[in-house]
Amino acid sequence: MTKYKLFKQLECFHTFLIGMAATPMFISTICFLLGMVFIGGASQFFFFVPIVISLFLIAINKNYLIILSNYKRIFEIFREFVSSSGKGIIWDLFFSFNIVFCYLLLFNGVDLQSIILEIYNALNLVGLLVLLILAVIIFVAIFITIHRCTKNGRLEKHFFICILLIVIGTCGAHTLSMISRPDLDSDRAHYELEARYFCEDKNSWEVDNYFDEKYGSSFQDDHGPLWTLYLADAYIVADTCGDNDSLWMVNLAVFWAYFCFVVILFEVASYVSKNYKAGVISLFFFHEYEHTLLMVAGSRDAFRFIGLLLLIIYILCHIEDISTGKARWVDYFFLLVFCYFCINGHAANIYIMFGLFIAVGLVLIGLKTPIQDIIAMGLACFVGTLLGVIKEIKNYVSSGYFYNAALLIFHDTPIVEQMSQKKTMRTDPNIVMQSYSYSVKIMIVIGIIGLITMLIVAWKRRKKRIFFFSVCNIGMLLPLTGMMDWLGYEASVWFVVQIRYRMYFLLLLSITGAWLLTQKTKFKVLNMAVVGICVVMFGFFLRTEVIRYSTINKAEKMNKIEIVREYKEIADIVSDKTRGDVYTRDQVLLLYLHGTPKLLYHPVSEDLIQAKTETEIADAIEKLNVGAVILPEDGVDNYDFSLLPFWEYINNNEHFSKIRTEDRQGEVDKVIFYRDK
């Protein structure tokens, strides 16, 4: 990317960082292409070929010179940064380290408040006096430091240095603390299982579309193959290195995707504002939302946003050439590639991309862009997106839907009505508004004001870069209006309600809000107010970090390990009790069950789900070779299976036996209904 200057208007160093941030996309694409050509190849082959090819290209193109110059540039920037910061950098490091250390104590279950109260209550009069003197000394030292920084004009700089160090420290420490934590997220379990299946036969044509004995073991999702193959690469590395336990390697892959997302977000915000402070602000603005924790916990959100941000910055770097008819065919080719990356990040990106290209296309027409360039851009976007949605097209041809609807197999059952009631509750405006914290609401307001201001300033001052970015933003927010709900998915509702999908507009508004707060005005009071807003919002960020560290801590980590142990125990029990197929709703449990277990909400189970009479149920059990059914005691596992006739059948039929939680002395609420061997 650095060699061929894919991102115009960017320095080599920044292109280098963006290239690094794109590595999850590159890794998975290489794995995808190899899986198409070398079906069934050994893990060692898949592991070493990309390394050999990379080294060859580095040598033949002399890219090592560029790599060395970039590292030299990094060192120079670091040296200039330290020298310009002076001794104040020591205070920045000290303050930041203490904040991060407190979060690590919180993660490990240490109650700082109780310890401080204990120490305070144990002090006598002399101790209290010493404590008071120490507090006064610290206060004076901080006051003098702030006063000096104010006089030499470095206060704001040190403030942002501290913020950046704390954001890096808290996010990094929290993420690294999760490396050995088994994840019990349903979506991640699905992708891990698909990754394992890929590693068994190395066939990119059937990443999640198996019709052999694996059929029914994993639900075919609506997304492209790249995230699955990215996780598969982690398994390939573990297998090549002889590591039987791939947990660390997969968690490291999740961590790297998150790290790359943070880098690309920082780069895009900094590029749009031409100010590093905007990059810092965008980071803690976006992390005001406590559910960004999902990225660390193993969701694909970081991966989907990498593709989206790559597409945005590529468009911004080339839009001027496109609008003036100076773009080359190679520019459109890479636009196609980045569209493919974006749609592979997540199928919901198609709504964002659709809105983006509608807005950009209208502006290009208004700027009287040559018709051939508009057509070339349209074709590049269309083909790149089409390559990523082939699966959705197949779904539509076979089912009439652009996406896989799990509820289709529950038609004419009480579960459909039950899920409809749940949806009504989830989309209640009062409940939705309460799910947004005050800090997130403030950030949204700042971001909207920033977007409007950005558009006005860009229009008046003829600033093309921020004008096109504001146009891109407006286009990407169009799905919220409901104008794209006709595609088959209520984006206008779920992009606001769903805790993961709402990250789309929070991401965009974090960048526009950061732009707004880095614009200098001639009014000193207004500039001071902006700094005040940054301080307040950073305080909210620190509070949000407390929520994150309290949500997933060491005790929770140990609990997850215990649950996994029980899942493995359940797998051994089922394997011992029956030779038939195991059916369950729990995708995480699928990772540990032996053989090829089946999902109860997969089309493979439709005969059992739709069976009404005892005869129909018995026939379905024989047809599906049901050896065991694993569900919670009350039958509720997202869907309420106790509403279906087969639930009563397996509870009362003489051919089924039960092993309850207390029978196996476990804590995980799972009842094993099994047919004897």
# chains A, B, ... in the order shown; residues from 1 in each chain; ligands from 1
$ residues_around --residues "stretch 430-439 of chain A" --least-positions-apart "4" --cutoff "8 Å" --atoms "only C-alpha atoms" --output "number ranges by chain"
A: 288-289, 425-426, 443, 496-497, 537, 540-541
$ residues_around --residues "stretch 162-172 of chain A" --least-positions-apart "4" --cutoff "7 Å" --atoms "only C-alpha atoms" --output "ChimeraX atom specification"
/A:92,96,100,158,176,280,284
$ closest_residue --among "A:Lys464, A:Lys368, A:His223, A:Arg196" --to "A:His346" --atoms "only C-alpha atoms"
A:His223
$ closest_residue --among "A:Tyr210, A:Phe7, A:Ile179, A:Gly355" --to "A:Tyr271" --atoms "only C-alpha atoms"
A:Phe7
$ closest_residue --among "A:Leu336, A:Val525, A:Ala297, A:Leu231" --to "A:Pro24" --atoms "only C-alpha atoms"
A:Leu231
$ residues_around --residues "A:Val49" --least-positions-apart "6" --cutoff "10 Å" --atoms "only C-alpha atoms" --output "list of chain:residue names"
A:Ile30, A:Cys31, A:Leu34, A:Leu55
$ write_last_selection --atoms "N, CA and C atoms" --output "PDB file, in the first residue's frame"
ATOM      1  N   ILE A  30      -6.163 -13.463   1.851  1.00  0.00           N
ATOM      2  CA  ILE A  30      -5.155 -14.437   1.412  1.00  0.00           C
ATOM      3  C   ILE A  30      -5.608 -15.852   1.744  1.00  0.00           C
ATOM      4  N   CYS A  31      -6.139 -16.022   2.963  1.00  0.00           N
ATOM      5  CA  CYS A  31      -6.635 -17.336   3.391  1.00  0.00           C
ATOM      6  C   CYS A  31      -7.789 -17.782   2.482  1.00  0.00           C
ATOM      7  N   LEU A  34      -6.322 -18.768  -1.041  1.00  0.00           N
ATOM      8  CA  LEU A  34      -5.616 -20.049  -0.949  1.00  0.00           C
ATOM      9  C   LEU A  34      -6.607 -21.203  -0.811  1.00  0.00           C
ATOM     10  N   LEU A  55       7.693 -11.946   1.980  1.00  0.00           N
ATOM     11  CA  LEU A  55       9.140 -11.703   2.002  1.00  0.00           C
ATOM     12  C   LEU A  55       9.683 -11.503   0.587  1.00  0.00           C
TER      13      LEU A  55
END
$ residues_around --residues "stretch 609-619 of chain A" --least-positions-apart "4" --cutoff "10 Å" --atoms "only C-alpha atoms" --output "list in words"
Ile409, Phe410, His411, Asp412, Thr413, Leu600, Tyr601, His602, Pro603, Val604, Ser605, Lys623, Leu624, Asn625, Val626, Phe641, Leu644, Pro645, Phe646, Trp647, Glu648, Tyr649, Ile650 and Asn653 of chain A
$ write_last_selection --atoms "C-alpha atoms" --output "tab-separated table (two decimals), in the first residue's frame"
chain	number	residue	atom	x	y	z
A	409	ILE	CA	-38.80	-22.60	10.68
A	410	PHE	CA	-41.07	-21.58	13.58
A	411	HIS	CA	-43.93	-20.52	11.29
A	412	ASP	CA	-47.41	-21.34	12.62
A	413	THR	CA	-46.03	-21.86	16.16
A	600	LEU	CA	-32.72	-26.44	17.05
A	601	TYR	CA	-33.39	-23.25	15.07
A	602	HIS	CA	-31.76	-24.51	11.87
A	603	PRO	CA	-33.90	-25.68	8.90
A	604	VAL	CA	-32.55	-29.17	9.57
A	605	SER	CA	-34.77	-29.27	12.70
A	623	LYS	CA	-35.83	-39.10	10.67
A	624	LEU	CA	-33.44	-36.64	12.32
A	625	ASN	CA	-31.68	-39.36	14.33
A	626	VAL	CA	-32.25	-37.40	17.54
A	641	PHE	CA	-39.19	-24.30	23.26
A	644	LEU	CA	-43.79	-26.57	21.22
A	645	PRO	CA	-45.38	-30.05	21.40
A	646	PHE	CA	-42.04	-31.90	21.28
A	647	TRP	CA	-41.07	-30.35	24.65
A	648	GLU	CA	-43.79	-32.23	26.49
A	649	TYR	CA	-42.96	-35.36	24.50
A	650	ILE	CA	-39.28	-35.54	25.54
A	653	ASN	CA	-41.92	-40.19	26.88
$ atom_distance --atom1 "atom CA of A:Trp248" --atom2 "atom CA of A:Ile18"
25.5 Å
$ residues_around --residues "A:Thr292" --least-positions-apart "3" --cutoff "9 Å" --atoms "only C-alpha atoms" --output "JSON, numbers by chain"
{"A": [286, 287, 288, 289, 295, 296, 301, 302, 500, 503, 548]}
$ closest_residue --among "A:Ala514, A:Leu316, A:Val383, A:Met476" --to "A:Ile444" --atoms "only C-alpha atoms"
A:Ala514
$ atom_distance --atom1 "atom CA of A:Ile393" --atom2 "atom CA of A:Val337"
19.5 Å
$ residues_around --residues "A:Ala491" --least-positions-apart "5" --cutoff "12 Å" --atoms "only C-alpha atoms" --output "list in words"
Ala347, Ala348, Asn349, Ile350, Tyr351, Ile352, Gly355, Met476, Leu477, Leu478, Pro479, Leu480, Thr481, Gly482, Met483, Met484, Asp485, Trp486, Val496, Val497, Gln498, Tyr501, Arg502, Tyr504 and Phe505 of chain A
$ select_by_dssp --residues "stretch 381-605 of chain A" --states "alpha helix (DSSP H)" --output "ChimeraX atom specification"
/A:381-388,390-399,414-426,429-434,438-461,464-477,491-497,503-517,524-551,554-577,587-590
$ atom_distance --atom1 "atom CA of A:His594" --atom2 "atom CA of A:Ser575"
6.7 Å
$ closest_atom_pairs --of "stretch 99-198 of chain A" --to "stretch 553-556 of chain A" --cutoff "8 Å" --atoms "only C-alpha atoms" --output "CSV"
residue,atom,partner,partner_atom,distance
A:Leu106,CA,A:Asn553,CA,7.6
A:Phe107,CA,A:Asn553,CA,4.5
A:Asn108,CA,A:Lys554,CA,5.2
A:Gly109,CA,A:Lys554,CA,6.8
$ write_last_selection --atoms "N, CA and C atoms" --output "CSV table (one decimal), in the first residue's frame"
chain,number,residue,atom,x,y,z
A,106,LEU,N,-9.2,-2.9,39.9
A,106,LEU,CA,-10.6,-3.1,39.8
A,106,LEU,C,-10.9,-4.4,39.1
A,107,PHE,N,-10.2,-4.7,38.0
A,107,PHE,CA,-10.3,-6.0,37.3
A,107,PHE,C,-10.1,-7.2,38.1
A,108,ASN,N,-9.1,-7.0,39.0
A,108,ASN,CA,-8.7,-8.2,39.9
A,108,ASN,C,-9.5,-8.2,41.2
A,109,GLY,N,-10.6,-7.4,41.2
A,109,GLY,CA,-11.5,-7.5,42.4
A,109,GLY,C,-11.1,-6.7,43.6
$ select_by_dssp --residues "stretch 492-652 of chain A" --states "strand (DSSP E)" --output "mmCIF file with C-alpha atoms, in the first residue's frame"
data_model
loop_
_atom_site.group_PDB
_atom_site.id
_atom_site.type_symbol
_atom_site.label_atom_id
_atom_site.label_comp_id
_atom_site.auth_asym_id
_atom_site.auth_seq_id
_atom_site.Cartn_x
_atom_site.Cartn_y
_atom_site.Cartn_z
ATOM 1 C CA ASP A 581 -27.236 -36.638 16.960
ATOM 2 C CA VAL A 582 -27.375 -34.001 19.678
ATOM 3 C CA TYR A 583 -29.741 -31.032 19.240
ATOM 4 C CA THR A 584 -29.379 -27.761 21.145
ATOM 5 C CA LYS A 598 -27.334 -29.776 15.357
ATOM 6 C CA LEU A 599 -29.062 -26.477 16.032
ATOM 7 C CA VAL A 626 -32.252 -37.397 17.544
ATOM 8 C CA GLY A 627 -30.097 -38.934 20.248
ATOM 9 C CA ALA A 628 -30.295 -36.082 22.753
ATOM 10 C CA VAL A 629 -31.818 -32.642 23.238
ATOM 11 C CA ILE A 630 -30.094 -30.157 25.535
ATOM 12 C CA LEU A 631 -32.111 -27.190 26.821
ATOM 13 C CA VAL A 636 -36.331 -21.074 27.393
ATOM 14 C CA ASP A 637 -33.122 -20.472 25.462
ATOM 15 C CA TYR A 639 -36.780 -19.066 22.002
ATOM 16 C CA ASP A 640 -39.299 -20.677 24.378
#
